[in-house]
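S.K.: This is the structure, below, for whatever I ask next.
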Amino acid sequence: MTSTTPDPSVTPDSGRPGTPEVLVVGAGIAGIACARALREAGVPVRVVDRGRRPGGRMSGRTLHGRVVDLGAAYFTVPDGSAFTDVVAGWERSGLARPWTDTLAVLGPGERAATVSTTSGPMRYAARRGLRSLVVDLADGLEIEHEIDVTHVDEDGTVHASGADTAHYDTVVLAMPEPQAARLLPPISPLLARLDAAAWEPALAVVLGFAEHVWPADLHGAFIDGSPTLAFLADDGDRRGDGAPVLVAHTTAAFAARHLDAPADAVDAVIAEVGALLDLRPAARPSWTHAHRWTYARSATTHPEPFAVQDHLGVCGDVWGGRSSVATAWASGTALGRALAERR
Ligand SMILES: Cc1cc2nc3c(=O)[nH]c(=O)nc-3n(C[C@H](O)[C@H](O)[C@H](O)COP(=O)(O)OP(=O)(O)OC[C@H]3O[C@@H](n4cnc5c(N)ncnc54)[C@H](O)[C@@H]3O)c2cc1C
């Protein structure tokens with residue numbers, strides 16, 4: 001990726017030629033898709049994110065020498081979606097790979113040997129982790145990291161820690177609704193269109209083993225009826241390197257009790273995974289890692305693909321259908337195109 005860091009002495013101002021007219025706050029897949037659509041339409045755009053790298057909830061972390069996906073477990077490609085072409089490009093360049101269309105369904109009391117499976121759409125993963133796909137989409141965009149936007153005024157003035165106050169013609173908030181709601185001015189009509197209360201947390205708990213101690217054809221599993229776990233993925237299987245690493249996603253209720261100290265949740269997750277997969281008591285992970293997602297997903301979505309009001313817009317995975325990576329991409333793309341047309 002060749003993202004460039006803008007000259008800090010330049011204060012964006014849409015009245016001056018050559019400076020960005022649009023600021024996208026959030027370098028997850030929705031924000032990057034929005035910025036790409038704007039750039040393709042010739043609109044000067046800048047992206048900022050408070051994190052150190054793009055990716056948002058498609059991020060991972062290098063643990064014990066390899067990347068582990070900590071956010072989205074996989075992505076799917078809705079029939080007839082323009083996302084198909086993007087994913088085909090990623091497949092051609094070796095970035096994305098079809099993972100599986102068959103996942104297990106595990107429940108308390110069931111054993112791995114008697115597990116049922118469910119077929120569905122092809123689930124895609126990425127050899128270098130899902131973040132690598134967002135990095136690829138971000139190629140050539142102007143992105144500044146570690147800029148924490150604190151609030152935005154109705155006229156498009158942006159206040160941030162780590163950057164000067166700046167004015168843009170339009171500011172796009174591409175992030176979970178509770179985070180967007182905190183940035184919007186209290187009088188913004190957009191606030192009434194957000195459903196910040198519907199967002200739930202999750203923990204991603206990584207269990208690294210010395211060797212495979214679960215069935216080779218497990219791929220991943222939906223967990224039914226567990227108070228602790230909602231999903232389990234074989235990270236080596238989805239990423240294609242065969243590493244004996246499991247990633248467990250907890251239920252929202254379990255995560256809510258451990259948000260202050262995610263590491264304290266690891267023992268309960270190990271016990272639940274051991275019971276679900278019928279592992280021998282000696283088959284303990286040799287290392288673990290717990291990651292907190294305060295806003296992992298929302299229980300509600302909006303039928304419209306984005307919301308925009310005067311100088312401010314919002315997009316993301318809850319805009320335009322079932323909350324997913326594909327929806328986030330489509331939402332950002334639709335908002336970027338709409339802003340370019342509005343010009
Ligand atoms: C545990 C988990 C499992 C999931 N599983 C799946 C799955 O299997 N399939 C699927 O399709 N989807 C899944 N998802 C959802 C998927 O990850 C999201 O739909 C998608 O990544 C959302 O992208 P986004 O761009 O809308 O938001 P995000 O990726 O959340 O991006 C928002 C960005 O905004 C930045 N930001 C926030 N506030 C500020 C601020 N004040 N200033 C500057 N920057 C800010 C953040 O740093 C972040 O980079 C999962 C998510 C989680 C957490």
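Letters for chains follow the order of the structure tokens (A, B, ...), residue numbers begin at 1 for each chain, and ligand numbers begin at 1 in the order shown.
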Counting only C-alpha atoms and all ligand atoms, which residues in chain A sit no more than 6 Å from ligand 1? For each one, give the nearest pair of atoms and the distance in Å, sorted by chain then residue number, as CSV.
M.R.:
residue,atom,partner,partner_atom_place_in_ligand_line,distance
A:Val25,CA,ligand 1,44 (N),5.3
A:Gly26,CA,ligand 1,34 (O),3.3
A:Ala27,CA,ligand 1,49 (O),4.7
A:Gly28,CA,ligand 1,25 (O),3.4
A:Ile29,CA,ligand 1,25 (O),4.0
A:Ala30,CA,ligand 1,25 (O),3.7
A:Gly31,CA,ligand 1,25 (O),5.4
A:Val48,CA,ligand 1,43 (C),5.9
A:Asp49,CA,ligand 1,44 (N),3.6
A:Arg50,CA,ligand 1,43 (C),4.0
A:Gly51,CA,ligand 1,47 (O),4.8
A:Pro54,CA,ligand 1,49 (O),6.0
A:Gly55,CA,ligand 1,49 (O),5.6
A:Gly56,CA,ligand 1,49 (O),3.3
A:Arg57,CA,ligand 1,29 (O),3.7
A:Met58,CA,ligand 1,21 (O),4.7
A:Gly71,CA,ligand 1,2 (C),4.3
A:Ala72,CA,ligand 1,4 (C),3.3
A:Ala73,CA,ligand 1,8 (O),3.8
A:Tyr74,CA,ligand 1,8 (O),4.4
A:Phe75,CA,ligand 1,11 (O),4.3
A:Ile147,CA,ligand 1,43 (C),5.7
A:Asp148,CA,ligand 1,42 (N),3.9
A:Val149,CA,ligand 1,42 (N),3.9
A:Thr150,CA,ligand 1,41 (N),5.6
A:Ala174,CA,ligand 1,32 (C),5.6
A:Met175,CA,ligand 1,32 (C),3.7
A:Pro176,CA,ligand 1,30 (O),5.6
A:Gln179,CA,ligand 1,38 (N),5.4
A:Ala202,CA,ligand 1,1 (C),5.6
A:Ala204,CA,ligand 1,1 (C),5.8
A:His249,CA,ligand 1,1 (C),5.8
A:Trp293,CA,ligand 1,53 (C),5.6
A:Ala296,CA,ligand 1,53 (C),3.7
A:Gly316,CA,ligand 1,26 (O),3.4
A:Asp317,CA,ligand 1,26 (O),4.3
A:Ser323,CA,ligand 1,19 (O),5.6
A:Ser324,CA,ligand 1,11 (O),3.4
A:Val325,CA,ligand 1,11 (O),3.9
A:Ala328,CA,ligand 1,26 (O),4.7
S.K.: Quick one: residues within 12 Å of Ala37 in chain A, only C-alpha atoms counted, chain neighbours fewer than 4 positions away excluded, as a PDB file with N, CA and C atoms, in the first residue's frame?
M.R.:
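Result file around-v2.pdb:
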ATOM      1  N   VAL A  22     -13.604  16.241   0.979  1.00  0.00           N
ATOM      2  CA  VAL A  22     -14.317  15.299   1.839  1.00  0.00           C
ATOM      3  C   VAL A  22     -13.321  14.668   2.805  1.00  0.00           C
ATOM      4  N   VAL A  24     -13.138  11.436   5.268  1.00  0.00           N
ATOM      5  CA  VAL A  24     -13.762  10.202   5.726  1.00  0.00           C
ATOM      6  C   VAL A  24     -13.110   9.840   7.055  1.00  0.00           C
ATOM      7  N   ALA A  30     -15.853   0.172   5.029  1.00  0.00           N
ATOM      8  CA  ALA A  30     -16.863   1.131   4.553  1.00  0.00           C
ATOM      9  C   ALA A  30     -16.215   2.476   4.225  1.00  0.00           C
ATOM     10  N   GLY A  31     -15.377   2.974   5.122  1.00  0.00           N
ATOM     11  CA  GLY A  31     -14.728   4.263   4.886  1.00  0.00           C
ATOM     12  C   GLY A  31     -13.802   4.218   3.686  1.00  0.00           C
ATOM     13  N   ILE A  32     -13.054   3.126   3.560  1.00  0.00           N
ATOM     14  CA  ILE A  32     -12.129   3.010   2.427  1.00  0.00           C
ATOM     15  C   ILE A  32     -12.905   2.882   1.122  1.00  0.00           C
ATOM     16  N   ALA A  33     -14.015   2.134   1.127  1.00  0.00           N
ATOM     17  CA  ALA A  33     -14.824   2.012  -0.098  1.00  0.00           C
ATOM     18  C   ALA A  33     -15.401   3.368  -0.482  1.00  0.00           C
ATOM     19  N   ALA A  41     -14.301   9.225  -8.800  1.00  0.00           N
ATOM     20  CA  ALA A  41     -15.120  10.274  -9.431  1.00  0.00           C
ATOM     21  C   ALA A  41     -14.367  11.606  -9.480  1.00  0.00           C
ATOM     22  N   GLY A  42     -13.104  11.605  -9.073  1.00  0.00           N
ATOM     23  CA  GLY A  42     -12.295  12.817  -9.162  1.00  0.00           C
ATOM     24  C   GLY A  42     -12.472  13.783  -8.011  1.00  0.00           C
ATOM     25  N   VAL A  43     -13.063  13.324  -6.903  1.00  0.00           N
ATOM     26  CA  VAL A  43     -13.284  14.208  -5.752  1.00  0.00           C
ATOM     27  C   VAL A  43     -12.104  14.070  -4.781  1.00  0.00           C
ATOM     28  N   PRO A  44     -11.423  15.171  -4.449  1.00  0.00           N
ATOM     29  CA  PRO A  44     -10.318  15.080  -3.488  1.00  0.00           C
ATOM     30  C   PRO A  44     -10.824  14.641  -2.115  1.00  0.00           C
ATOM     31  N   VAL A  45     -10.203  13.595  -1.569  1.00  0.00           N
ATOM     32  CA  VAL A  45     -10.690  13.005  -0.328  1.00  0.00           C
ATOM     33  C   VAL A  45      -9.510  12.618   0.550  1.00  0.00           C
ATOM     34  N   LEU A 137      -7.567  -2.288  -0.845  1.00  0.00           N
ATOM     35  CA  LEU A 137      -8.552  -1.302  -1.328  1.00  0.00           C
ATOM     36  C   LEU A 137      -8.056   0.127  -1.097  1.00  0.00           C
ATOM     37  N   ALA A 138      -7.241   0.295  -0.065  1.00  0.00           N
ATOM     38  CA  ALA A 138      -6.784   1.638   0.327  1.00  0.00           C
ATOM     39  C   ALA A 138      -5.607   2.113  -0.512  1.00  0.00           C
ATOM     40  N   LEU A 141      -4.809   5.863  -1.651  1.00  0.00           N
ATOM     41  CA  LEU A 141      -5.601   6.870  -0.928  1.00  0.00           C
ATOM     42  C   LEU A 141      -4.718   7.619   0.065  1.00  0.00           C
ATOM     43  N   TRP A 329     -19.032  -2.578   2.640  1.00  0.00           N
ATOM     44  CA  TRP A 329     -18.415  -2.141   1.375  1.00  0.00           C
ATOM     45  C   TRP A 329     -19.461  -1.440   0.496  1.00  0.00           C
ATOM     46  N   ALA A 330     -20.635  -2.050   0.378  1.00  0.00           N
ATOM     47  CA  ALA A 330     -21.679  -1.485  -0.483  1.00  0.00           C
ATOM     48  C   ALA A 330     -22.153  -0.129   0.041  1.00  0.00           C
ATOM     49  N   SER A 331     -22.271  -0.007   1.367  1.00  0.00           N
ATOM     50  CA  SER A 331     -22.722   1.244   1.970  1.00  0.00           C
ATOM     51  C   SER A 331     -21.716   2.368   1.689  1.00  0.00           C
ATOM     52  N   GLY A 332     -20.440   2.094   1.926  1.00  0.00           N
ATOM     53  CA  GLY A 332     -19.420   3.109   1.692  1.00  0.00           C
ATOM     54  C   GLY A 332     -19.364   3.507   0.223  1.00  0.00           C
ATOM     55  N   THR A 333     -19.432   2.511  -0.647  1.00  0.00           N
ATOM     56  CA  THR A 333     -19.388   2.796  -2.088  1.00  0.00           C
ATOM     57  C   THR A 333     -20.580   3.657  -2.499  1.00  0.00           C
ATOM     58  N   ALA A 334     -21.762   3.315  -2.004  1.00  0.00           N
ATOM     59  CA  ALA A 334     -22.974   4.064  -2.376  1.00  0.00           C
ATOM     60  C   ALA A 334     -22.896   5.507  -1.882  1.00  0.00           C
ATOM     61  N   LEU A 335     -22.394   5.706  -0.664  1.00  0.00           N
ATOM     62  CA  LEU A 335     -22.294   7.078  -0.160  1.00  0.00           C
ATOM     63  C   LEU A 335     -21.257   7.878  -0.949  1.00  0.00           C
ATOM     64  N   GLY A 336     -20.138   7.267  -1.252  1.00  0.00           N
ATOM     65  CA  GLY A 336     -19.115   7.961  -2.038  1.00  0.00           C
ATOM     66  C   GLY A 336     -19.662   8.401  -3.389  1.00  0.00           C
ATOM     67  N   ARG A 337     -20.389   7.505  -4.051  1.00  0.00           N
ATOM     68  CA  ARG A 337     -20.944   7.862  -5.368  1.00  0.00           C
ATOM     69  C   ARG A 337     -21.997   8.951  -5.230  1.00  0.00           C
ATOM     70  N   ALA A 338     -22.816   8.868  -4.188  1.00  0.00           N
ATOM     71  CA  ALA A 338     -23.868   9.878  -3.999  1.00  0.00           C
ATOM     72  C   ALA A 338     -23.251  11.250  -3.724  1.00  0.00           C
ATOM     73  N   LEU A 339     -22.185  11.286  -2.953  1.00  0.00           N
ATOM     74  CA  LEU A 339     -21.546  12.576  -2.663  1.00  0.00           C
ATOM     75  C   LEU A 339     -20.907  13.146  -3.924  1.00  0.00           C
ATOM     76  N   ALA A 340     -20.343  12.278  -4.738  1.00  0.00           N
ATOM     77  CA  ALA A 340     -19.726  12.754  -5.985  1.00  0.00           C
ATOM     78  C   ALA A 340     -20.791  13.323  -6.915  1.00  0.00           C
ATOM     79  N   GLU A 341     -21.942  12.675  -6.980  1.00  0.00           N
ATOM     80  CA  GLU A 341     -23.035  13.162  -7.844  1.00  0.00           C
ATOM     81  C   GLU A 341     -23.593  14.475  -7.334  1.00  0.00           C
TER      82      GLU A 341
END
S.K.: Select, from A:Pro201, A:Gly225, A:Gly220, A:Gly156, the residue with the minimum atom-to-atom distance to Thr100 in chain A, counting only C-alpha atoms.
M.R.: A:Gly220
S.K.: Find the residues around Ser298 in chain A up to 8 Å (only C-alpha atoms counted), leave out those fewer than 5 positions away in its own chain, and share them as an MDAnalysis selection string.
M.R.: chainID A and resid 198:200 318 323
S.K.: Contacts of Glu211 in chain A at 9 Å or less, counting only C-alpha atoms, minus same-chain residues fewer than 5 places along, as a list in words?
M.R.: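 Listing them by chain and then by number gives Ala243, Pro244 and Val245 of chain A.
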S.K.: Now that the selection is made, can you save its residues with N, CA and C atoms as a CSV table (one decimal), in the first residue's frame?
M.R.:
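Contents of out-v8.csv, as written:
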chain,number,residue,atom,x,y,z
A,243,ALA,N,-2.0,-23.8,10.5
A,243,ALA,CA,-1.5,-23.5,11.9
A,243,ALA,C,-2.6,-24.0,12.9
A,244,PRO,N,-2.2,-24.6,14.0
A,244,PRO,CA,-3.1,-25.2,15.0
A,244,PRO,C,-3.6,-24.0,15.9
A,245,VAL,N,-4.4,-23.1,15.3
A,245,VAL,CA,-4.9,-22.0,16.1
A,245,VAL,C,-6.4,-21.9,15.9
S.K.: Can you list, as a ChimeraX atom specification, all residues belonging to range 95-287 of chain A that DSSP tags as strand (DSSP E or B)?
M.R.: /A:96-106,116-126,142-145,148-152,157-161,166-167,170-174,199-208,220-223,229-234,245-250,287
S.K.: So which residues touch Val308 in chain A within 9 Å, counting only C-alpha atoms, skipping near sequence neighbours fewer than 4 positions away, as a list of chain:residue names?
M.R.: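 So the residues in contact are A:Val172, A:Leu190, A:Leu312, A:Gly313, A:Val314, A:Cys315, A:Leu335, A:Leu339.
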S.K.: Counting only C-alpha atoms, figure out which residue out of A:Pro78, A:Pro189, A:Gly140, A:Gly94 gets nearest to Pro121 in chain A.
M.R.: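 Closest residue, counting only C-alpha atoms: A:Pro78.
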S.K.: Can you check which residues of range 144-289 of chain A DSSP gives as alpha helix (DSSP H) on the backbone and send them as a PDB file with N, CA and C atoms, in the first residue's frame?
M.R.:
ATOM      1  N   GLU A 177     -22.328   2.866  15.029  1.00  0.00           N
ATOM      2  CA  GLU A 177     -23.201   4.007  15.351  1.00  0.00           C
ATOM      3  C   GLU A 177     -22.944   4.651  16.724  1.00  0.00           C
ATOM      4  N   PRO A 178     -22.610   3.891  17.780  1.00  0.00           N
ATOM      5  CA  PRO A 178     -22.347   4.576  19.056  1.00  0.00           C
ATOM      6  C   PRO A 178     -21.151   5.517  18.948  1.00  0.00           C
ATOM      7  N   GLN A 179     -20.156   5.120  18.134  1.00  0.00           N
ATOM      8  CA  GLN A 179     -18.980   5.983  17.956  1.00  0.00           C
ATOM      9  C   GLN A 179     -19.342   7.203  17.117  1.00  0.00           C
ATOM     10  N   ALA A 180     -20.154   7.013  16.091  1.00  0.00           N
ATOM     11  CA  ALA A 180     -20.581   8.156  15.253  1.00  0.00           C
ATOM     12  C   ALA A 180     -21.448   9.118  16.063  1.00  0.00           C
ATOM     13  N   ALA A 181     -22.320   8.556  16.897  1.00  0.00           N
ATOM     14  CA  ALA A 181     -23.237   9.403  17.681  1.00  0.00           C
ATOM     15  C   ALA A 181     -22.462  10.337  18.606  1.00  0.00           C
ATOM     16  N   ARG A 182     -21.338   9.842  19.129  1.00  0.00           N
ATOM     17  CA  ARG A 182     -20.526  10.672  20.037  1.00  0.00           C
ATOM     18  C   ARG A 182     -19.890  11.851  19.312  1.00  0.00           C
ATOM     19  N   LEU A 183     -19.649  11.713  18.007  1.00  0.00           N
ATOM     20  CA  LEU A 183     -18.952  12.765  17.254  1.00  0.00           C
ATOM     21  C   LEU A 183     -19.898  13.816  16.698  1.00  0.00           C
ATOM     22  N   ASP A 235      -8.356 -21.024  12.521  1.00  0.00           N
ATOM     23  CA  ASP A 235      -7.694 -19.921  11.811  1.00  0.00           C
ATOM     24  C   ASP A 235      -6.694 -20.436  10.772  1.00  0.00           C
ATOM     25  N   GLY A 236      -6.035 -21.550  11.081  1.00  0.00           N
ATOM     26  CA  GLY A 236      -5.095 -22.112  10.120  1.00  0.00           C
ATOM     27  C   GLY A 236      -5.808 -22.659   8.899  1.00  0.00           C
ATOM     28  N   ASP A 237      -6.989 -23.219   9.117  1.00  0.00           N
ATOM     29  CA  ASP A 237      -7.782 -23.761   8.012  1.00  0.00           C
ATOM     30  C   ASP A 237      -8.275 -22.631   7.109  1.00  0.00           C
ATOM     31  N   ARG A 238      -8.809 -21.567   7.706  1.00  0.00           N
ATOM     32  CA  ARG A 238      -9.370 -20.504   6.850  1.00  0.00           C
ATOM     33  C   ARG A 238      -8.271 -19.714   6.160  1.00  0.00           C
ATOM     34  N   ARG A 239      -7.128 -19.578   6.816  1.00  0.00           N
ATOM     35  CA  ARG A 239      -6.047 -18.795   6.223  1.00  0.00           C
ATOM     36  C   ARG A 239      -5.177 -19.638   5.281  1.00  0.00           C
ATOM     37  N   ALA A 252     -22.501 -11.913  23.256  1.00  0.00           N
ATOM     38  CA  ALA A 252     -22.484 -10.516  23.713  1.00  0.00           C
ATOM     39  C   ALA A 252     -22.606 -10.445  25.238  1.00  0.00           C
ATOM     40  N   ALA A 253     -23.457 -11.297  25.824  1.00  0.00           N
ATOM     41  CA  ALA A 253     -23.670 -11.239  27.277  1.00  0.00           C
ATOM     42  C   ALA A 253     -22.392 -11.596  28.026  1.00  0.00           C
ATOM     43  N   PHE A 254     -21.692 -12.619  27.538  1.00  0.00           N
ATOM     44  CA  PHE A 254     -20.430 -13.013  28.176  1.00  0.00           C
ATOM     45  C   PHE A 254     -19.399 -11.891  28.032  1.00  0.00           C
ATOM     46  N   ALA A 255     -19.322 -11.318  26.822  1.00  0.00           N
ATOM     47  CA  ALA A 255     -18.347 -10.235  26.582  1.00  0.00           C
ATOM     48  C   ALA A 255     -18.627  -9.050  27.503  1.00  0.00           C
ATOM     49  N   ALA A 256     -19.910  -8.732  27.682  1.00  0.00           N
ATOM     50  CA  ALA A 256     -20.265  -7.552  28.491  1.00  0.00           C
ATOM     51  C   ALA A 256     -19.727  -7.682  29.917  1.00  0.00           C
ATOM     52  N   ARG A 257     -19.628  -8.909  30.403  1.00  0.00           N
ATOM     53  CA  ARG A 257     -19.129  -9.116  31.775  1.00  0.00           C
ATOM     54  C   ARG A 257     -17.606  -9.046  31.853  1.00  0.00           C
ATOM     55  N   VAL A 266     -10.398 -15.865  29.530  1.00  0.00           N
ATOM     56  CA  VAL A 266      -9.762 -16.926  28.731  1.00  0.00           C
ATOM     57  C   VAL A 266     -10.026 -18.322  29.302  1.00  0.00           C
ATOM     58  N   ASP A 267      -9.929 -18.497  30.610  1.00  0.00           N
ATOM     59  CA  ASP A 267     -10.105 -19.837  31.190  1.00  0.00           C
ATOM     60  C   ASP A 267     -11.492 -20.401  30.898  1.00  0.00           C
ATOM     61  N   ALA A 268     -12.513 -19.545  31.006  1.00  0.00           N
ATOM     62  CA  ALA A 268     -13.879 -20.018  30.725  1.00  0.00           C
ATOM     63  C   ALA A 268     -14.019 -20.406  29.253  1.00  0.00           C
ATOM     64  N   VAL A 269     -13.348 -19.667  28.371  1.00  0.00           N
ATOM     65  CA  VAL A 269     -13.421 -19.989  26.939  1.00  0.00           C
ATOM     66  C   VAL A 269     -12.703 -21.311  26.665  1.00  0.00           C
ATOM     67  N   ILE A 270     -11.538 -21.504  27.283  1.00  0.00           N
ATOM     68  CA  ILE A 270     -10.806 -22.780  27.096  1.00  0.00           C
ATOM     69  C   ILE A 270     -11.683 -23.954  27.547  1.00  0.00           C
ATOM     70  N   ALA A 271     -12.349 -23.789  28.691  1.00  0.00           N
ATOM     71  CA  ALA A 271     -13.191 -24.878  29.209  1.00  0.00           C
ATOM     72  C   ALA A 271     -14.351 -25.166  28.252  1.00  0.00           C
ATOM     73  N   GLU A 272     -14.965 -24.113  27.719  1.00  0.00           N
ATOM     74  CA  GLU A 272     -16.116 -24.310  26.821  1.00  0.00           C
ATOM     75  C   GLU A 272     -15.682 -24.939  25.492  1.00  0.00           C
ATOM     76  N   VAL A 273     -14.551 -24.479  24.947  1.00  0.00           N
ATOM     77  CA  VAL A 273     -14.049 -25.063  23.700  1.00  0.00           C
ATOM     78  C   VAL A 273     -13.706 -26.535  23.933  1.00  0.00           C
ATOM     79  N   GLY A 274     -13.072 -26.834  25.064  1.00  0.00           N
ATOM     80  CA  GLY A 274     -12.717 -28.212  25.370  1.00  0.00           C
ATOM     81  C   GLY A 274     -13.941 -29.109  25.444  1.00  0.00           C
ATOM     82  N   ALA A 275     -15.013 -28.586  26.060  1.00  0.00           N
ATOM     83  CA  ALA A 275     -16.245 -29.383  26.179  1.00  0.00           C
ATOM     84  C   ALA A 275     -16.908 -29.563  24.814  1.00  0.00           C
ATOM     85  N   LEU A 276     -16.973 -28.498  24.035  1.00  0.00           N
ATOM     86  CA  LEU A 276     -17.654 -28.568  22.737  1.00  0.00           C
ATOM     87  C   LEU A 276     -16.931 -29.489  21.758  1.00  0.00           C
TER      88      LEU A 276
END
S.K.: Given only C-alpha atoms as the basis, pick out the residue of A:Asp217, A:Asp139, A:Ala192, A:Gly240 nearest to Ala96 in chain A.
M.R.: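 Closest to Ala96 in chain A of all the choices is A:Gly240.
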